[in-house]
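A short worksheet on the structure shown next.
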Amino acid sequence: MGETIVFTSGKGGVGKTTTIANIGAGLSQLDKKVVMLDTDMGLRNLDVVMGLEDQINYNLLDLLENRCRLNQALIRDKRFQNLYMIPASLKNIPLDKYEKAFSVLMNHLKMEFDYCLIDCPAGIDQGFRFATAVADRAIILTTPHISAIKDASRVLQLLNGTQISKIELIINEYDEKLVRKKYMLSKQDIEELFDIPILGTIPHDTKVMISQNKGIPVVTMRSKATKQFMYLSEQMMSKTDLEGEEYIYDIS
């Protein structure tokens, strides 16, 4: 049985979709079967970040309304072994009527995949509740900016009231130089504010923007961000998964 992990954030623009795309690719490179689901109905971006928008024939809404079979909606990324994606619909729809169908779908996917990664809409409205209701684990994305941290803390409060028992944090756009100059909150400061484990940090890296514009995950390139995304992918795996495995990158 696989694991469903929802990636969420209090506000948009903190790098949630980029993170899920690169961790999905990273896990597949660690020989795991991964499916990524975009639940941001009306504003889908995961397919663009992955460069797979031209391959879409069906989407998540088509699946939930039984207009297609699962294998018709699944898009396989041929660049990575065992990496698949299900895009969101471009229609902004009320999601409460699809909660049961989504739960059934996720239970099926967990039998087929090692990891089911859900790209949750930013914010705390209906889309947040829809995406988090089926998750076994949650990862909150934030940047070290005060406004992003404030919004992320509200997300944590809501997650603490759900069935999700494992909640972790990833800090994007982290700059060690600014931390040393006291211009940015440190990893330790943020960890104390949230009182949950920090899975890791992602540095500011211009190659991330370049990779996005090309529709190529940055883990295919040599960069600081690549090392961190691969490290995060390894950190996400269970101890059982990692038995007998050697870390691809050592950034300690």
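In the structure tokens, chains take the letters A, B, ... in the order shown, each chain's residues start at 1, and ligands count up from 1 in the order shown.
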Next item on the list: Find the residues around Met209 in chain A up to 12 Å (only C-alpha atoms counted), leave out those fewer than 6 positions away in its own chain, and share them as a PyMOL selection string.
Entry: chain A and resi 15+18+49+173+215-218+223+225
Save out the residues we just selected, N, CA, C and O atoms, as a short mmCIF file (atom, residue, chain, number, x, y, z; two decimals), in the first residue's frame.
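Written out: out-v1.cif:
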```cif
data_model
loop_
_atom_site.label_atom_id
_atom_site.label_comp_id
_atom_site.auth_asym_id
_atom_site.auth_seq_id
_atom_site.Cartn_x
_atom_site.Cartn_y
_atom_site.Cartn_z
N GLY A 15 6.36 28.20 -4.42
CA GLY A 15 7.11 27.12 -5.06
C GLY A 15 6.56 25.73 -4.83
O GLY A 15 7.26 24.74 -5.03
N THR A 18 6.42 23.57 -8.19
CA THR A 18 7.79 23.24 -8.59
C THR A 18 8.38 22.17 -7.67
O THR A 18 9.06 21.24 -8.12
N VAL A 49 4.67 23.02 -15.67
CA VAL A 49 5.98 22.88 -15.04
C VAL A 49 6.69 21.61 -15.52
O VAL A 49 7.90 21.60 -15.72
N GLU A 173 13.39 29.08 -1.22
CA GLU A 173 14.08 30.36 -1.38
C GLU A 173 14.93 30.71 -0.16
O GLU A 173 15.02 31.88 0.25
N GLY A 215 9.95 23.61 -19.17
CA GLY A 215 9.12 22.44 -18.88
C GLY A 215 9.94 21.22 -18.57
O GLY A 215 9.55 20.09 -18.90
N ILE A 216 11.08 21.43 -17.91
CA ILE A 216 11.98 20.35 -17.56
C ILE A 216 12.27 20.43 -16.06
O ILE A 216 12.77 21.46 -15.60
N PRO A 217 11.98 19.41 -15.27
CA PRO A 217 12.32 19.46 -13.85
C PRO A 217 13.80 19.77 -13.64
O PRO A 217 14.66 19.27 -14.36
N VAL A 218 14.09 20.60 -12.66
CA VAL A 218 15.47 21.02 -12.44
C VAL A 218 16.37 19.86 -11.99
O VAL A 218 17.60 19.95 -12.09
N SER A 223 22.72 21.63 -10.43
CA SER A 223 22.48 22.89 -9.73
C SER A 223 22.39 22.64 -8.23
O SER A 223 22.29 21.51 -7.77
N ALA A 225 19.87 23.53 -6.41
CA ALA A 225 18.51 23.07 -6.14
C ALA A 225 18.36 21.58 -6.40
O ALA A 225 17.62 20.89 -5.69
#
```
Checklist line | Near-range 81-96 of chain A list (9 Å; only C-alpha atoms; drop same-chain fewer than 3 positions) as a count of residues only | finding: 43
Margin query: Counting only C-alpha atoms, which residue out of A:Arg137, A:Lys177, A:Lys187, A:Lys227 sits closest to Ile149 in chain A?
Written below: A:Lys187
Margin query: When DSSP is applied to the backbone of this structure, which of range 1-158 of chain A are assigned alpha helix (DSSP H)? Write them out as a PyMOL selection string.
Written below: chain A and resi 16-29+46-50+60-64+70-73+99-112+126-132+146-158
Write the residues of the selection above to a file with C-alpha atoms, as a PDB file, in the first residue's frame.
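So the final result, stored in selection.pdb, reads:
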```pdb
ATOM      1  CA  LYS A  16       4.680  24.348  -4.172  1.00  0.00           C
ATOM      2  CA  THR A  17       4.083  23.073  -7.713  1.00  0.00           C
ATOM      3  CA  THR A  18       7.794  23.235  -8.588  1.00  0.00           C
ATOM      4  CA  THR A  19       8.607  21.314  -5.415  1.00  0.00           C
ATOM      5  CA  ILE A  20       6.100  18.534  -6.029  1.00  0.00           C
ATOM      6  CA  ALA A  21       7.278  18.188  -9.647  1.00  0.00           C
ATOM      7  CA  ASN A  22      10.919  17.807  -8.666  1.00  0.00           C
ATOM      8  CA  ILE A  23      10.312  15.566  -5.663  1.00  0.00           C
ATOM      9  CA  GLY A  24       8.090  13.381  -7.843  1.00  0.00           C
ATOM     10  CA  ALA A  25      10.886  13.130 -10.403  1.00  0.00           C
ATOM     11  CA  GLY A  26      13.400  12.549  -7.625  1.00  0.00           C
ATOM     12  CA  LEU A  27      11.418   9.691  -6.095  1.00  0.00           C
ATOM     13  CA  SER A  28      11.077   8.064  -9.506  1.00  0.00           C
ATOM     14  CA  GLN A  29      14.860   8.237  -9.874  1.00  0.00           C
ATOM     15  CA  LEU A  46       1.682  21.074 -12.788  1.00  0.00           C
ATOM     16  CA  ASP A  47       1.428  19.988 -16.421  1.00  0.00           C
ATOM     17  CA  VAL A  48       3.134  23.218 -17.537  1.00  0.00           C
ATOM     18  CA  VAL A  49       5.978  22.878 -15.040  1.00  0.00           C
ATOM     19  CA  MET A  50       6.475  19.284 -16.208  1.00  0.00           C
ATOM     20  CA  LEU A  60      -9.096  14.621 -12.830  1.00  0.00           C
ATOM     21  CA  LEU A  61     -12.667  15.841 -13.248  1.00  0.00           C
ATOM     22  CA  ASP A  62     -13.196  13.416 -16.149  1.00  0.00           C
ATOM     23  CA  LEU A  63     -12.075  10.604 -13.843  1.00  0.00           C
ATOM     24  CA  LEU A  64     -14.322  11.673 -10.975  1.00  0.00           C
ATOM     25  CA  LEU A  70      -7.776   5.653 -15.155  1.00  0.00           C
ATOM     26  CA  ASN A  71      -5.249   4.648 -17.811  1.00  0.00           C
ATOM     27  CA  GLN A  72      -6.709   7.295 -20.129  1.00  0.00           C
ATOM     28  CA  ALA A  73      -6.215  10.100 -17.589  1.00  0.00           C
ATOM     29  CA  GLU A  99     -15.196  14.034  -2.182  1.00  0.00           C
ATOM     30  CA  LYS A 100     -16.394  10.409  -2.055  1.00  0.00           C
ATOM     31  CA  ALA A 101     -15.301   9.682  -5.639  1.00  0.00           C
ATOM     32  CA  PHE A 102     -11.899  11.239  -4.923  1.00  0.00           C
ATOM     33  CA  SER A 103     -11.457   9.072  -1.840  1.00  0.00           C
ATOM     34  CA  VAL A 104     -12.258   5.934  -3.862  1.00  0.00           C
ATOM     35  CA  LEU A 105      -9.793   7.003  -6.559  1.00  0.00           C
ATOM     36  CA  MET A 106      -6.995   7.646  -4.055  1.00  0.00           C
ATOM     37  CA  ASN A 107      -7.505   4.279  -2.360  1.00  0.00           C
ATOM     38  CA  HIS A 108      -7.119   2.636  -5.761  1.00  0.00           C
ATOM     39  CA  LEU A 109      -4.030   4.668  -6.637  1.00  0.00           C
ATOM     40  CA  LYS A 110      -2.379   3.739  -3.327  1.00  0.00           C
ATOM     41  CA  MET A 111      -2.566   0.106  -4.381  1.00  0.00           C
ATOM     42  CA  GLU A 112      -0.839   0.892  -7.685  1.00  0.00           C
ATOM     43  CA  GLN A 126     -12.762  24.277  -0.329  1.00  0.00           C
ATOM     44  CA  GLY A 127      -9.845  23.085  -2.469  1.00  0.00           C
ATOM     45  CA  PHE A 128      -7.673  22.744   0.624  1.00  0.00           C
ATOM     46  CA  ARG A 129     -10.282  20.621   2.407  1.00  0.00           C
ATOM     47  CA  PHE A 130     -10.799  18.469  -0.686  1.00  0.00           C
ATOM     48  CA  ALA A 131      -7.094  17.708  -1.124  1.00  0.00           C
ATOM     49  CA  THR A 132      -6.196  17.167   2.525  1.00  0.00           C
ATOM     50  CA  ILE A 146       6.894  36.958   7.249  1.00  0.00           C
ATOM     51  CA  SER A 147       3.662  36.985   5.224  1.00  0.00           C
ATOM     52  CA  ALA A 148       4.269  33.442   3.912  1.00  0.00           C
ATOM     53  CA  ILE A 149       5.127  32.172   7.391  1.00  0.00           C
ATOM     54  CA  LYS A 150       1.984  33.750   8.840  1.00  0.00           C
ATOM     55  CA  ASP A 151      -0.195  32.082   6.211  1.00  0.00           C
ATOM     56  CA  ALA A 152       1.606  28.754   6.620  1.00  0.00           C
ATOM     57  CA  SER A 153       0.985  28.829  10.375  1.00  0.00           C
ATOM     58  CA  ARG A 154      -2.745  29.098   9.693  1.00  0.00           C
ATOM     59  CA  VAL A 155      -2.499  26.053   7.403  1.00  0.00           C
ATOM     60  CA  LEU A 156      -0.762  24.147  10.204  1.00  0.00           C
ATOM     61  CA  GLN A 157      -3.580  24.992  12.612  1.00  0.00           C
ATOM     62  CA  LEU A 158      -6.125  23.553  10.192  1.00  0.00           C
TER      63      LEU A 158
END
```
Notebook entry, point to check: Per DSSP on the backbone, what are the strand (DSSP E) residues of range 47-124 of chain A, as a list of chain:residue names?
Noted result: A:Ile75, A:Arg76, A:Leu83, A:Tyr84, A:Met85, A:Ile86, A:Tyr115, A:Cys116, A:Leu117, A:Ile118, A:Asp119
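CA of Thr142 in chain A is found 12.0 Å from CA of Gly123 in chain A.
CA of Lys11 in chain A lies 22.6 Å from CA of Ile210 in chain A.
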Check: Which residues, written as a list in words, have at least one atom at most 12 Å from Val179 in chain A, with only C-alpha atoms counted and residues fewer than 3 positions away on the same chain left out?
Finding: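 Surrounding residues, per the criterion: Pro144, His145, Glu173, Tyr174, Asp175, Glu176, Lys182, Tyr183, Met184, Leu185, Ser186, Lys187, Gln188, Asp189, Ile190 and Pro203 of chain A.
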